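Here is the file run-v7.csv (CSV, C-alpha atoms and all ligand atoms).
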chain,number,residue,atom,x,y,z
A,1303,MET,CA,5.5,-1.2,-17.7
A,1304,ALA,CA,5.5,-4.9,-18.4
A,1305,THR,CA,7.9,-6.3,-20.9
A,1306,LEU,CA,5.8,-7.4,-23.8
A,1307,THR,CA,6.6,-10.1,-26.3
A,1308,ALA,CA,4.0,-8.4,-28.5
A,1309,ILE,CA,4.0,-9.4,-32.1
A,1310,ALA,CA,5.5,-12.9,-31.7
A,1311,PRO,CA,3.3,-15.7,-33.0
A,1312,LEU,CA,1.0,-17.4,-30.5
A,1313,THR,CA,1.9,-20.8,-29.0
A,1314,ASP,CA,0.7,-23.6,-31.3
A,1315,HIS,CA,-2.6,-24.7,-29.6
A,1316,ARG,CA,-1.9,-28.4,-30.6
A,1317,SER,CA,1.5,-28.3,-28.9
A,1318,VAL,CA,-0.2,-27.8,-25.6
A,1319,GLY,CA,-2.8,-30.5,-26.2
A,1320,LEU,CA,-5.7,-28.3,-27.4
A,1321,SER,CA,-8.0,-29.3,-30.3
A,1322,ASP,CA,-9.0,-27.0,-33.0
A,1323,ASP,CA,-12.5,-26.8,-31.4
A,1324,ASP,CA,-10.8,-25.8,-28.1
A,1325,ALA,CA,-8.9,-23.0,-29.8
A,1326,LEU,CA,-12.0,-21.7,-31.4
A,1327,ARG,CA,-13.9,-21.7,-28.2
A,1328,ILE,CA,-11.1,-19.9,-26.4
A,1329,PHE,CA,-11.3,-17.3,-29.2
A,1330,ASP,CA,-15.0,-17.1,-28.7
A,1331,LEU,CA,-14.6,-16.4,-25.0
A,1332,MET,CA,-12.1,-13.7,-25.7
A,1333,LEU,CA,-14.3,-12.1,-28.3
A,1334,ARG,CA,-17.3,-12.2,-26.0
A,1335,THR,CA,-15.3,-10.6,-23.2
A,1336,ARG,CA,-14.1,-7.8,-25.5
A,1337,GLU,CA,-17.6,-7.1,-26.8
A,1338,ILE,CA,-19.2,-6.9,-23.4
A,1339,ASP,CA,-16.3,-4.7,-22.1
A,1340,GLU,CA,-16.5,-2.4,-25.1
A,1341,ARG,CA,-20.3,-2.0,-24.7
A,1342,MET,CA,-19.9,-1.2,-21.1
A,1343,TRP,CA,-17.3,1.4,-21.8
A,1344,ALA,CA,-19.4,3.0,-24.5
A,1345,LEU,CA,-22.4,3.1,-22.1
A,1346,ASN,CA,-20.3,4.9,-19.5
A,1347,ARG,CA,-19.1,7.4,-22.1
A,1348,GLN,CA,-22.8,8.0,-23.0
A,1349,GLY,CA,-23.5,8.8,-19.3
A,1350,LYS,CA,-25.6,5.6,-18.9
A,1351,ALA,CA,-23.4,3.4,-16.7
A,1352,PRO,CA,-21.9,5.0,-13.7
A,1353,PHE,CA,-18.6,3.1,-13.2
A,1354,VAL,CA,-16.7,0.7,-15.4
A,1355,VAL,CA,-13.5,-1.2,-14.8
A,1356,PRO,CA,-12.3,-2.3,-18.3
A,1357,CYS,CA,-10.3,-5.4,-19.0
A,1358,ARG,CA,-9.3,-4.7,-22.6
A,1359,GLY,CA,-5.9,-6.3,-23.1
A,1360,GLN,CA,-6.4,-9.0,-20.5
A,1361,GLU,CA,-8.8,-11.3,-22.4
A,1362,ALA,CA,-6.2,-13.8,-23.5
A,1363,ALA,CA,-4.8,-14.6,-20.0
A,1364,GLN,CA,-8.3,-14.9,-18.6
A,1365,ALA,CA,-9.6,-17.1,-21.4
A,1366,GLY,CA,-6.5,-19.3,-21.4
A,1367,ALA,CA,-6.7,-19.7,-17.6
A,1368,ALA,CA,-10.4,-20.4,-17.8
A,1369,TRP,CA,-9.8,-23.3,-20.2
A,1370,ALA,CA,-7.6,-25.0,-17.6
A,1371,LEU,CA,-10.1,-24.8,-14.8
A,1372,ASP,CA,-13.2,-26.8,-13.9
A,1373,PRO,CA,-15.9,-24.3,-12.8
A,1374,GLN,CA,-18.0,-27.2,-11.4
A,1375,LYS,CA,-15.2,-28.1,-9.0
A,1376,ASP,CA,-12.7,-25.3,-8.7
A,1377,TRP,CA,-13.3,-22.0,-6.9
A,1378,LEU,CA,-12.4,-18.5,-8.2
A,1379,PHE,CA,-11.3,-15.7,-5.9
A,1380,PRO,CA,-11.2,-13.0,-8.6
A,1381,HIS,CA,-9.8,-9.6,-9.3
A,1382,TYR,CA,-12.2,-6.8,-10.3
A,1383,ARG,CA,-10.9,-7.0,-13.9
A,1384,ASP,CA,-11.8,-10.7,-14.4
A,1385,LEU,CA,-14.8,-10.4,-16.7
A,1386,GLY,CA,-13.6,-13.3,-18.9
A,1387,LEU,CA,-13.2,-15.6,-15.9
A,1388,ALA,CA,-16.6,-14.5,-14.5
A,1389,LEU,CA,-18.1,-15.6,-17.9
A,1390,TRP,CA,-16.4,-18.9,-17.7
A,1391,PHE,CA,-17.6,-19.6,-14.2
A,1392,GLY,CA,-21.2,-19.1,-15.4
A,1393,PHE,CA,-22.2,-15.4,-15.4
A,1394,ASP,CA,-24.4,-14.7,-18.4
A,1395,VAL,CA,-24.7,-11.5,-20.2
A,1396,ASP,CA,-28.1,-10.6,-18.7
A,1397,GLU,CA,-26.7,-11.0,-15.2
A,1398,LEU,CA,-23.7,-8.9,-16.0
A,1399,PHE,CA,-25.7,-5.9,-17.2
A,1400,LEU,CA,-28.1,-6.1,-14.2
A,1401,MET,CA,-24.9,-5.8,-12.2
A,1402,TYR,CA,-23.5,-2.9,-14.2
A,1403,PHE,CA,-26.7,-1.0,-13.8
A,1404,ALA,CA,-27.0,-1.9,-10.1
A,1405,LYS,CA,-30.6,-3.3,-10.5
A,1406,GLY,CA,-32.6,-5.0,-7.9
A,1407,ALA,CA,-32.3,-8.4,-9.7
A,1408,ASP,CA,-28.5,-8.3,-9.7
A,1409,ILE,CA,-27.6,-11.7,-8.5
A,1410,ILE,CA,-24.3,-10.6,-6.8
A,1411,SER,CA,-25.8,-8.2,-4.3
A,1412,GLY,CA,-29.1,-6.8,-5.5
A,1413,GLY,CA,-27.3,-3.7,-6.6
A,1414,ARG,CA,-25.5,-3.0,-3.3
A,1415,GLN,CA,-22.0,-4.1,-4.1
A,1416,MET,CA,-19.7,-2.0,-6.3
A,1417,THR,CA,-19.8,-3.1,-9.9
A,1418,HIS,CA,-17.2,-5.7,-11.1
A,1419,HIS,CA,-17.1,-7.3,-7.7
A,1420,PHE,CA,-18.2,-10.6,-9.1
A,1421,GLY,CA,-19.4,-13.1,-6.6
A,1422,SER,CA,-21.8,-16.0,-6.6
A,1423,GLN,CA,-21.8,-19.0,-4.4
A,1424,ALA,CA,-23.7,-21.1,-7.0
A,1425,ARG,CA,-21.0,-20.3,-9.6
A,1426,HIS,CA,-18.1,-21.0,-7.3
A,1427,ILE,CA,-16.9,-17.3,-7.3
A,1428,ALA,CA,-16.1,-15.9,-3.9
A,1429,SER,CA,-17.2,-12.3,-3.3
A,1430,ILE,CA,-14.4,-9.7,-3.2
A,1431,SER,CA,-14.4,-6.4,-1.6
A,1432,ALA,CA,-12.7,-3.1,-2.4
A,1433,PRO,CA,-9.5,-3.4,-0.3
A,1434,LEU,CA,-7.0,-4.9,-2.7
A,1435,GLY,CA,-5.7,-8.4,-2.1
A,1436,THR,CA,-8.1,-9.7,0.5
A,1437,GLN,CA,-9.1,-12.4,-1.9
A,1438,ILE,CA,-5.6,-13.9,-1.9
A,1439,PRO,CA,-5.6,-15.3,1.7
A,1440,HIS,CA,-9.3,-16.2,1.2
A,1441,ALA,CA,-8.3,-18.5,-1.6
A,1442,VAL,CA,-5.7,-20.2,0.6
A,1443,GLY,CA,-8.2,-20.6,3.4
A,1444,ALA,CA,-10.7,-22.1,1.0
A,1445,ALA,CA,-8.0,-24.6,-0.3
A,1446,TYR,CA,-7.3,-25.5,3.3
A,1447,ALA,CA,-11.0,-26.1,4.0
A,1448,MET,CA,-11.2,-28.3,0.9
A,1449,ARG,CA,-8.4,-30.4,2.3
A,1450,LEU,CA,-10.1,-30.7,5.7
A,1451,GLN,CA,-13.3,-31.8,3.9
A,1452,GLY,CA,-11.3,-34.5,2.0
A,1453,LYS,CA,-11.8,-32.9,-1.5
A,1454,THR,CA,-8.9,-33.9,-3.7
A,1455,ASP,CA,-10.3,-33.0,-7.1
A,1456,ALA,CA,-10.4,-29.2,-7.0
A,1457,VAL,CA,-8.1,-26.2,-6.7
A,1458,THR,CA,-8.7,-22.6,-5.8
A,1459,ILE,CA,-7.4,-19.8,-8.1
A,1460,THR,CA,-6.9,-16.3,-7.1
A,1461,CYS,CA,-6.2,-13.4,-9.5
A,1462,PHE,CA,-4.7,-10.0,-8.7
A,1463,GLY,CA,-2.7,-7.2,-10.3
A,1464,GLU,CA,1.0,-6.7,-9.9
A,1465,GLY,CA,0.3,-3.7,-7.7
A,1466,THR,CA,-1.6,-5.9,-5.4
A,1467,SER,CA,1.3,-8.3,-5.1
A,1468,SER,CA,3.1,-5.7,-3.0
A,1469,LYS,CA,0.5,-6.1,-0.3
A,1470,GLY,CA,1.1,-8.1,2.9
A,1471,ASP,CA,-1.9,-10.3,2.1
A,1472,PHE,CA,0.0,-11.7,-0.9
A,1473,TYR,CA,3.1,-12.7,1.2
A,1474,GLU,CA,1.0,-14.2,4.1
A,1475,ALA,CA,-1.0,-16.2,1.6
A,1476,CYS,CA,2.0,-17.5,-0.2
A,1477,SER,CA,3.7,-18.5,3.0
A,1478,LEU,CA,0.8,-20.5,4.4
A,1479,ALA,CA,0.0,-22.1,1.0
A,1480,ALA,CA,3.6,-23.2,0.6
A,1481,LEU,CA,3.9,-24.5,4.2
A,1482,GLN,CA,0.7,-26.6,3.8
A,1483,LYS,CA,1.3,-27.5,0.2
A,1484,LEU,CA,-2.2,-26.3,-0.7
A,1485,PRO,CA,-3.8,-26.6,-4.2
A,1486,VAL,CA,-3.8,-22.9,-4.9
A,1487,ILE,CA,-3.0,-21.1,-8.2
A,1488,PHE,CA,-1.8,-17.5,-7.7
A,1489,LEU,CA,-2.4,-15.8,-11.0
A,1490,CYS,CA,-0.9,-12.3,-11.2
A,1491,GLU,CA,-2.3,-10.3,-14.2
A,1492,ASN,CA,0.6,-7.9,-14.6
A,1493,ASN,CA,-0.8,-5.2,-16.8
A,1494,GLY,CA,2.0,-2.8,-16.2
A,1495,TYR,CA,0.3,-0.3,-14.0
A,1496,ALA,CA,-1.3,0.1,-10.6
A,1497,ILE,CA,-3.5,3.0,-11.5
A,1498,SER,CA,-0.7,5.5,-12.4
A,1499,VAL,CA,2.2,3.7,-10.8
A,1500,PRO,CA,4.3,1.5,-13.2
A,1501,MET,CA,5.7,-1.8,-12.0
A,1502,ALA,CA,9.3,-0.4,-11.8
A,1503,LYS,CA,8.2,2.2,-9.3
A,1504,GLN,CA,6.7,-0.2,-6.8
A,1505,SER,CA,8.7,-3.4,-7.1
A,1506,PRO,CA,12.4,-3.9,-6.4
A,1507,VAL,CA,12.5,-7.0,-8.6
A,1508,PRO,CA,11.5,-6.9,-12.2
A,1509,ASN,CA,9.1,-9.9,-12.1
A,1510,VAL,CA,6.4,-10.8,-9.6
A,1511,ALA,CA,7.1,-14.4,-10.4
A,1512,ASP,CA,10.6,-14.0,-8.9
A,1513,ARG,CA,9.0,-13.7,-5.4
A,1514,ALA,CA,7.8,-17.3,-5.4
A,1515,ALA,CA,11.4,-18.5,-4.8
A,1516,ALA,CA,11.2,-17.0,-1.3
A,1517,PHE,CA,8.5,-19.5,-0.5
A,1518,GLY,CA,10.0,-22.5,-2.3
A,1519,PHE,CA,7.4,-23.0,-5.0
A,1520,PRO,CA,7.5,-22.3,-8.7
A,1521,GLY,CA,7.1,-18.9,-10.2
A,1522,VAL,CA,6.3,-19.0,-13.9
A,1523,ILE,CA,6.2,-16.1,-16.3
A,1524,VAL,CA,3.9,-16.3,-19.3
A,1525,ASP,CA,3.0,-14.0,-22.2
A,1526,GLY,CA,-0.4,-13.0,-21.0
A,1527,THR,CA,-1.5,-11.9,-24.5
A,1528,ASP,CA,-1.1,-15.6,-25.6
A,1529,PRO,CA,-4.1,-17.6,-24.4
A,1530,PHE,CA,-2.5,-21.0,-25.2
A,1531,ALA,CA,0.7,-20.2,-23.2
A,1532,THR,CA,-1.4,-19.1,-20.3
A,1533,TYR,CA,-3.6,-22.2,-20.6
A,1534,SER,CA,-0.6,-24.5,-20.5
A,1535,ALA,CA,0.9,-22.8,-17.3
A,1536,VAL,CA,-2.4,-22.9,-15.5
A,1537,ARG,CA,-3.1,-26.5,-16.5
A,1538,ASP,CA,0.3,-27.5,-15.1
A,1539,ALA,CA,-0.3,-25.5,-11.9
A,1540,ARG,CA,-3.6,-27.2,-11.4
A,1541,ALA,CA,-2.2,-30.7,-11.9
A,1542,ARG,CA,0.6,-29.9,-9.5
A,1543,GLY,CA,-2.0,-28.7,-6.9
A,1544,LEU,CA,-4.1,-31.9,-7.4
A,1545,ARG,CA,-1.0,-34.0,-6.9
A,1546,GLY,CA,-0.5,-32.4,-3.5
A,1547,GLU,CA,2.7,-30.6,-4.4
A,1548,GLY,CA,1.4,-27.2,-3.5
A,1549,PRO,CA,0.8,-23.8,-5.0
A,1550,THR,CA,2.2,-22.1,-8.2
A,1551,LEU,CA,2.6,-18.4,-8.9
A,1552,ILE,CA,2.0,-17.5,-12.5
A,1553,GLU,CA,2.7,-14.0,-13.7
A,1554,ALA,CA,1.0,-13.3,-17.0
A,1555,LYS,CA,2.5,-10.2,-18.6
A,1556,MET,CA,0.1,-8.0,-20.5
A,1557,TYR,CA,-0.8,-4.3,-20.9
A,1558,ARG,CA,-3.9,-2.4,-19.7
A,1559,LEU,CA,-5.1,-0.8,-22.9
A,1560,LEU,CA,-7.7,1.5,-21.3
A,1561,PRO,CA,-7.5,3.8,-18.3
A,1562,HIS,CA,-7.6,2.2,-14.9
A,1563,THR,CA,-11.4,2.8,-14.6
A,1564,SER,CA,-13.9,5.1,-16.3
A,1565,ASP,CA,-12.9,7.7,-13.6
A,1566,ASP,CA,-9.2,7.7,-14.6
A,1567,ASN,CA,-7.3,9.9,-17.1
A,1568,ASP,CA,-4.4,7.8,-18.1
A,1569,MET,CA,-2.9,10.6,-20.3
A,1570,THR,CA,-1.6,12.2,-17.0
A,1571,TYR,CA,0.9,9.3,-16.6
A,1572,ARG,CA,1.5,7.6,-19.9
A,1573,THR,CA,1.6,8.6,-23.6
A,1574,ARG,CA,-0.8,7.9,-26.4
A,1575,GLU,CA,2.2,6.5,-28.3
A,1576,GLU,CA,2.9,4.0,-25.6
A,1577,VAL,CA,-0.7,2.7,-25.7
A,1578,ARG,CA,-0.6,2.7,-29.5
A,1579,GLN,CA,2.5,0.5,-29.5
A,1580,ALA,CA,0.9,-2.0,-27.1
A,1581,GLU,CA,-2.3,-2.1,-29.3
A,1582,GLU,CA,-0.2,-3.5,-32.1
A,1583,GLY,CA,0.3,-6.7,-30.2
A,1584,GLU,CA,-3.0,-6.7,-28.3
A,1585,PRO,CA,-4.6,-10.1,-27.6
A,1586,LEU,CA,-7.7,-10.0,-29.7
A,1587,LYS,CA,-5.8,-8.9,-32.8
A,1588,ARG,CA,-3.3,-11.8,-32.2
A,1589,ILE,CA,-5.9,-14.5,-31.8
A,1590,ILE,CA,-7.9,-13.3,-34.8
A,1591,GLU,CA,-4.8,-13.4,-36.9
A,1592,TYR,CA,-4.0,-16.9,-35.5
A,1593,VAL,CA,-7.4,-18.5,-36.1
A,1594,ARG,CA,-7.6,-17.0,-39.6
A,1595,SER,CA,-4.1,-17.9,-40.7
A,1596,ARG,CA,-4.6,-21.5,-39.4
A,1597,GLY,CA,-7.7,-21.8,-41.4
A,1598,LEU,CA,-9.8,-22.5,-38.3
A,1599,ILE,CA,-12.4,-20.0,-39.2
A,1600,ALA,CA,-13.4,-17.8,-42.1
A,1601,ASP,CA,-13.7,-14.0,-42.0
A,1602,ASP,CA,-17.5,-14.2,-42.6
A,1603,ASP,CA,-17.9,-16.5,-39.6
A,1604,ILE,CA,-15.9,-14.1,-37.4
A,1605,ALA,CA,-18.2,-11.3,-38.5
A,1606,ALA,CA,-21.3,-13.4,-37.9
A,1607,ARG,CA,-20.2,-14.4,-34.4
A,1608,ARG,CA,-19.5,-10.8,-33.6
A,1609,ALA,CA,-22.9,-9.7,-34.9
A,1610,ARG,CA,-24.7,-12.4,-32.9
A,1611,MET,CA,-22.9,-11.4,-29.7
A,1612,ARG,CA,-23.7,-7.7,-30.3
A,1613,GLU,CA,-27.4,-8.6,-30.7
A,1614,GLU,CA,-27.4,-10.6,-27.5
A,1615,ILE,CA,-25.6,-7.8,-25.7
A,1616,ALA,CA,-28.0,-5.1,-27.0
A,1617,ALA,CA,-31.0,-7.2,-25.7
A,1618,ALA,CA,-29.3,-7.6,-22.3
A,1619,VAL,CA,-28.6,-3.9,-22.1
A,1620,ALA,CA,-32.3,-3.1,-23.0
A,1621,ALA,CA,-33.6,-5.6,-20.5
A,1622,ALA,CA,-31.3,-4.4,-17.7
A,1623,GLN,CA,-32.1,-0.7,-18.3
A,1624,ALA,CA,-35.8,-1.5,-18.1
A,1625,ALA,CA,-35.5,-3.6,-15.0
A,1626,PRO,CA,-36.5,-2.1,-11.6
A,1627,ASP,CA,-34.0,-0.5,-9.3
A,1628,PRO,CA,-33.7,-2.0,-5.9
A,1629,ASP,CA,-36.8,-1.4,-3.7
A,1630,PRO,CA,-35.9,1.3,-1.2
A,1631,ALA,CA,-37.8,-0.7,1.5
A,1632,THR,CA,-35.1,-3.4,1.1
A,1633,VAL,CA,-32.1,-1.0,1.6
A,1634,ALA,CA,-30.8,-2.9,4.7
A,1635,ASP,CA,-31.3,-6.4,3.3
A,1636,ARG,CA,-28.0,-8.2,2.7
A,1637,VAL,CA,-26.2,-5.3,4.5
A,1638,TYR,CA,-27.4,-5.8,8.1
A,1639,ALA,CA,-28.7,-9.0,9.7
A,1640,SER,CA,-32.2,-8.5,11.0
A,1641,VAL,CA,-32.9,-8.8,14.8
A,1642,GLU,CA,-35.0,-11.9,14.1
A,1643,GLU,CA,-32.1,-13.6,12.2
A,1644,GLY,CA,-29.6,-12.8,14.9
A,1645,ILE,CA,-26.2,-11.6,14.2
A,1701,LIG,C1,-5.7,-1.8,0.2
A,1701,LIG,C2,-6.0,-0.9,-1.0
A,1701,LIG,N1,-5.1,0.1,-1.3
A,1701,LIG,C3,-5.4,0.9,-2.3
A,1701,LIG,C4,-6.5,0.8,-3.0
A,1701,LIG,C5,-6.8,1.7,-4.2
A,1701,LIG,N2,-6.6,1.0,-5.5
A,1701,LIG,C6,-7.6,0.5,-6.1
A,1701,LIG,S1,-7.1,-0.3,-7.5
A,1701,LIG,C7,-5.5,0.1,-7.2
A,1701,LIG,C8,-4.4,-0.4,-8.2
A,1701,LIG,C9,-4.3,-1.8,-8.3
A,1701,LIG,O1,-3.3,-2.2,-9.2
A,1701,LIG,P1,-3.0,-3.7,-9.7
A,1701,LIG,O2,-3.0,-4.5,-8.5
A,1701,LIG,O3,-1.9,-3.7,-10.5
A,1701,LIG,O4,-4.4,-4.1,-10.5
A,1701,LIG,P2,-4.9,-3.4,-11.8
A,1701,LIG,O5,-5.9,-2.4,-11.4
A,1701,LIG,O6,-3.8,-2.9,-12.6
A,1701,LIG,O7,-5.6,-4.5,-12.5
A,1701,LIG,C10,-5.3,0.8,-6.1
A,1701,LIG,C11,-4.1,1.3,-5.5
A,1701,LIG,C12,-7.4,-0.3,-2.6
A,1701,LIG,N3,-8.6,-0.5,-3.3
A,1701,LIG,N4,-7.1,-1.1,-1.6
A,1702,MG,MG,-1.8,-3.6,-12.6

How does this structure look as C-alpha cells?
Ligand SMILES: Cc1ncc(C[n+]2csc(CCOP(=O)(O)OP(=O)(O)O)c2C)c(N)n1
Ligand SMILES: [Mg+2]
Amino acid sequence: MATLTAIAPLTDHRSVGLSDDDALRIFDLMLRTREIDERMWALNRQGKAPFVVPCRGQEAAQAGAAWALDPQKDWLFPHYRDLGLALWFGFDVDELFLMYFAKGADIISGGRQMTHHFGSQARHIASISAPLGTQIPHAVGAAYAMRLQGKTDAVTITCFGEGTSSKGDFYEACSLAALQKLPVIFLCENNGYAISVPMAKQSPVPNVADRAAAFGFPGVIVDGTDPFATYSAVRDARARGLRGEGPTLIEAKMYRLLPHTSDDNDMTYRTREEVRQAEEGEPLKRIIEYVRSRGLIADDDIAARRARMREEIAAAVAAAQAAPDPDPATVADRVYASVEEGI
C-alpha cells in the first residue's frame, strides 16, 4: 500500500499562494464530492443503484488539482474515480444522478456508457472506456493537436491509478510527450491498490514518480490527502507545460477507503484494521480540522453547508429516479452510425 503521511498538518494554503476564500472553496468541493459519493454508495447498498465506483479518500488530490486547472481552456482525460474533477469541469449534481441511474437524459451517453465514465465535449472532458489507460495516450494526442492548432494557453491532464501505470499506454504516452515537450500533466492517483493487488506486488520500484526519470521529465511525489500540496504541484506542472518545457508526472499518494467498486469485497485482501488506520488521516477529516483550526469557518457553517448539499442531492436523486429510462426505440443511437449518416 502507499506510504501515507497521514496525520501531519496540511500545507499552509497561503504558502502556496491561495487566499482564505480559495481554501474554503477547495474544502467545499471536497465536501460536495464526499456527499455525492456517500449518497451513491448508500443507494447501491439499498439496491437502487446498480454499480458504483467510490472515490472516498481521493477528494483532496482531485480538489487540489482542480484548483490549478482552467476548465474553460484545459482538457481532462479522466480516471473513473474522478468525481471531484468531473464536478470542477462542470458536471452538476442532477447530471451525475441521471448518469448513475442510466437514464435517457444522461448527458454522457443517454444511459449507454458504464457509470463513472465521465465525458462531455462541452465540458472539456474526453470520454473514457473500460480498458484501463487508454485515456493517457489520448491526452498526449490532444496536447499535440493543441500545438498544431497554435493553442498556447491550455494543457491536458490525464488521471490514472498506480495499477494503470504498469500498462504500455502509460510508457508510450510518456515517451511521446517528452520527445515533443507537450503540455501534459500525468496525474497518478496512487490509492495503494489495483483492485486486490497492492503496489508492491505489481511495481519493481516503490514510486510511480520514479519512472519519469526514464523519459527525462520531472516526477513529483505529493501527499494526495493534502489538497494544497497537490494544488501546488499541479499548478507548477501546468506552468511548465505552458512554457513549452514539456510534461510532468505527479504521483499523489492516498488510500482507497472503500472497496474497489460496489461489486468488490475488500476484506478478502486487506484487513479492517488497515482501513481503520488510514481513516485516521483521511482527507475530509484533515481539511475540516484545518479550516476550523485556522478560524476560516465555524462549526455551524460546516453543518449548514452539509445540510444544503444533502438537500440538493436528495432532490437530484428524486428527479433522476423519476426520469424516463432510455427509449428502447433509440437503442442503436450513439452506438451505431445510421446508414443515412454513413460510417
Ligand atoms: C486493460 C485492462 N486490464 C484490466 C482491467 C480490469 N481492471 C479494472 S479496474 C482495475 C484496477 C486498476 O487499478 P488502478 O489503476 O490502481 O486504479 P484504481 O481502481 O485503484 O483507482 C483493473 C485491473 C481493465 N479494465 N482494463
Ligand atoms: Mg489504485

Please, which residues in chain A fall within 10 Å of ligand MG 1702 (chain A) when counting only C-alpha atoms and all ligand atoms, and what is the closest atom pair and distance in Å to one decimal for each, ordered by chain then residue number, as a tab-separated table?
residue	atom	partner	partner_atom	distance
A:Met1303	CA	A:MG1702	MG	9.2
A:Ala1304	CA	A:MG1702	MG	9.4
A:Arg1383	CA	A:MG1702	MG	9.8
A:Phe1462	CA	A:MG1702	MG	8.0
A:Gly1463	CA	A:MG1702	MG	4.4
A:Glu1464	CA	A:MG1702	MG	5.0
A:Gly1465	CA	A:MG1702	MG	5.3
A:Thr1466	CA	A:MG1702	MG	7.6
A:Ser1467	CA	A:MG1702	MG	9.4
A:Cys1490	CA	A:MG1702	MG	8.9
A:Glu1491	CA	A:MG1702	MG	6.9
A:Asn1492	CA	A:MG1702	MG	5.3
A:Asn1493	CA	A:MG1702	MG	4.6
A:Gly1494	CA	A:MG1702	MG	5.3
A:Tyr1495	CA	A:MG1702	MG	4.2
A:Ala1496	CA	A:MG1702	MG	4.2
A:Ile1497	CA	A:MG1702	MG	6.9
A:Ser1498	CA	A:MG1702	MG	9.2
A:Val1499	CA	A:MG1702	MG	8.5
A:Pro1500	CA	A:MG1702	MG	8.0
A:Met1501	CA	A:MG1702	MG	7.7
A:Lys1555	CA	A:MG1702	MG	9.9
A:Met1556	CA	A:MG1702	MG	9.2
A:Tyr1557	CA	A:MG1702	MG	8.4
A:Arg1558	CA	A:MG1702	MG	7.5
A:His1562	CA	A:MG1702	MG	8.5

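Distances from A:Met1569, A:Leu1478, A:Met1342, A:Leu1450 to Val1395 of chain A were compared using only C-alpha atoms, and the smallest one belongs to A:Met1342.
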
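Closest approach to ligand LIG 1701 (chain A) among A:Gln1423, A:Ser1321, A:Gln1504, A:Thr1335: A:Gln1504, based on all atoms listed in the file.
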
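The space between atom CA of Asp1471 of chain A and atom CA of Leu1544 of chain A spans 23.7 Å.
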
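Using all atoms listed in the file for every distance, the candidate list A:Ala1475, A:Val1536, A:Ala1639, A:Leu1560 yields A:Leu1560 as the residue closest to ligand LIG 1701 (chain A).
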
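Nearest-residue note for Asp1339 of chain A: choosing from A:Leu1398, A:Ala1480, A:Val1457, A:Ile1523, the minimum distance belongs to A:Leu1398, counting only C-alpha atoms.
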
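For the pair atom N1 of ligand LIG 1701 (chain A) and atom CA of Gly1470 of chain A, the separation is 11.1 Å.
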
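For the choices A:Pro1356, A:Pro1630, A:Gly1518, A:Gly1319, the atom-to-atom distance to ligand LIG 1701 (chain A) is smallest for A:Pro1356 when using all atoms listed in the file.
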
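Counting all atoms listed in the file and comparing A:Val1637, A:Met1416, A:Ala1625, A:Leu1598, the residue that lies closest to ligand LIG 1701 (chain A) is A:Met1416.
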
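The coordinates place atom CA of Asp1384 of chain A at 14.4 Å from atom CA of Pro1529 of chain A.
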
request  = Give as an MDAnalysis selection string every residue, naming chains and numbers as the document does, that has an atom within 6 Å of (-0.8, -15.3, -34.4), counting all atoms listed in the file.
outcome  = chainID A and resid 1311:1312 1588:1589 1591:1592

key: Shell of 12 Å around Ala1617 of chain A, all atoms listed in the file, local chain residues under 2 positions omitted, as a list in words   = Arg1341, Val1395, Asp1396, Glu1397, Phe1399, Leu1400, Arg1610, Met1611, Arg1612, Glu1613, Glu1614, Ile1615, Val1619, Ala1620, Ala1621, Ala1622, Gln1623 and Ala1624 of chain A

Generate a file of the selected residues that holds C-alpha atoms, formatted as a short mmCIF file (atom, residue, chain, number, x, y, z; two decimals), in the coordinates of the input.
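selection_33.cif was written with the following content:
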data_model
loop_
_atom_site.label_atom_id
_atom_site.label_comp_id
_atom_site.auth_asym_id
_atom_site.auth_seq_id
_atom_site.Cartn_x
_atom_site.Cartn_y
_atom_site.Cartn_z
CA ARG A 1341 -20.30 -2.00 -24.70
CA VAL A 1395 -24.70 -11.50 -20.20
CA ASP A 1396 -28.10 -10.60 -18.70
CA GLU A 1397 -26.70 -11.00 -15.20
CA PHE A 1399 -25.70 -5.90 -17.20
CA LEU A 1400 -28.10 -6.10 -14.20
CA ARG A 1610 -24.70 -12.40 -32.90
CA MET A 1611 -22.90 -11.40 -29.70
CA ARG A 1612 -23.70 -7.70 -30.30
CA GLU A 1613 -27.40 -8.60 -30.70
CA GLU A 1614 -27.40 -10.60 -27.50
CA ILE A 1615 -25.60 -7.80 -25.70
CA VAL A 1619 -28.60 -3.90 -22.10
CA ALA A 1620 -32.30 -3.10 -23.00
CA ALA A 1621 -33.60 -5.60 -20.50
CA ALA A 1622 -31.30 -4.40 -17.70
CA GLN A 1623 -32.10 -0.70 -18.30
CA ALA A 1624 -35.80 -1.50 -18.10
#

query = Could you pull the residues within 12 Å of Ser1422 of chain A, counting only C-alpha atoms, minus those fewer than 6 positions along the same chain, as a PyMOL selection string?
reply = chain A and resi 1373+1377-1380+1388-1389+1391-1393+1397-1398+1408-1412+1428-1430

query = Which neighbours of Gly1366 of chain A fall inside 6 Å, counting all atoms listed in the file, when residues of the same chain fewer than 2 positions from it are skipped, and could you give them as a ChimeraX atom specification?
reply = /A:1362-1364,1368-1369,1529-1530,1532-1533
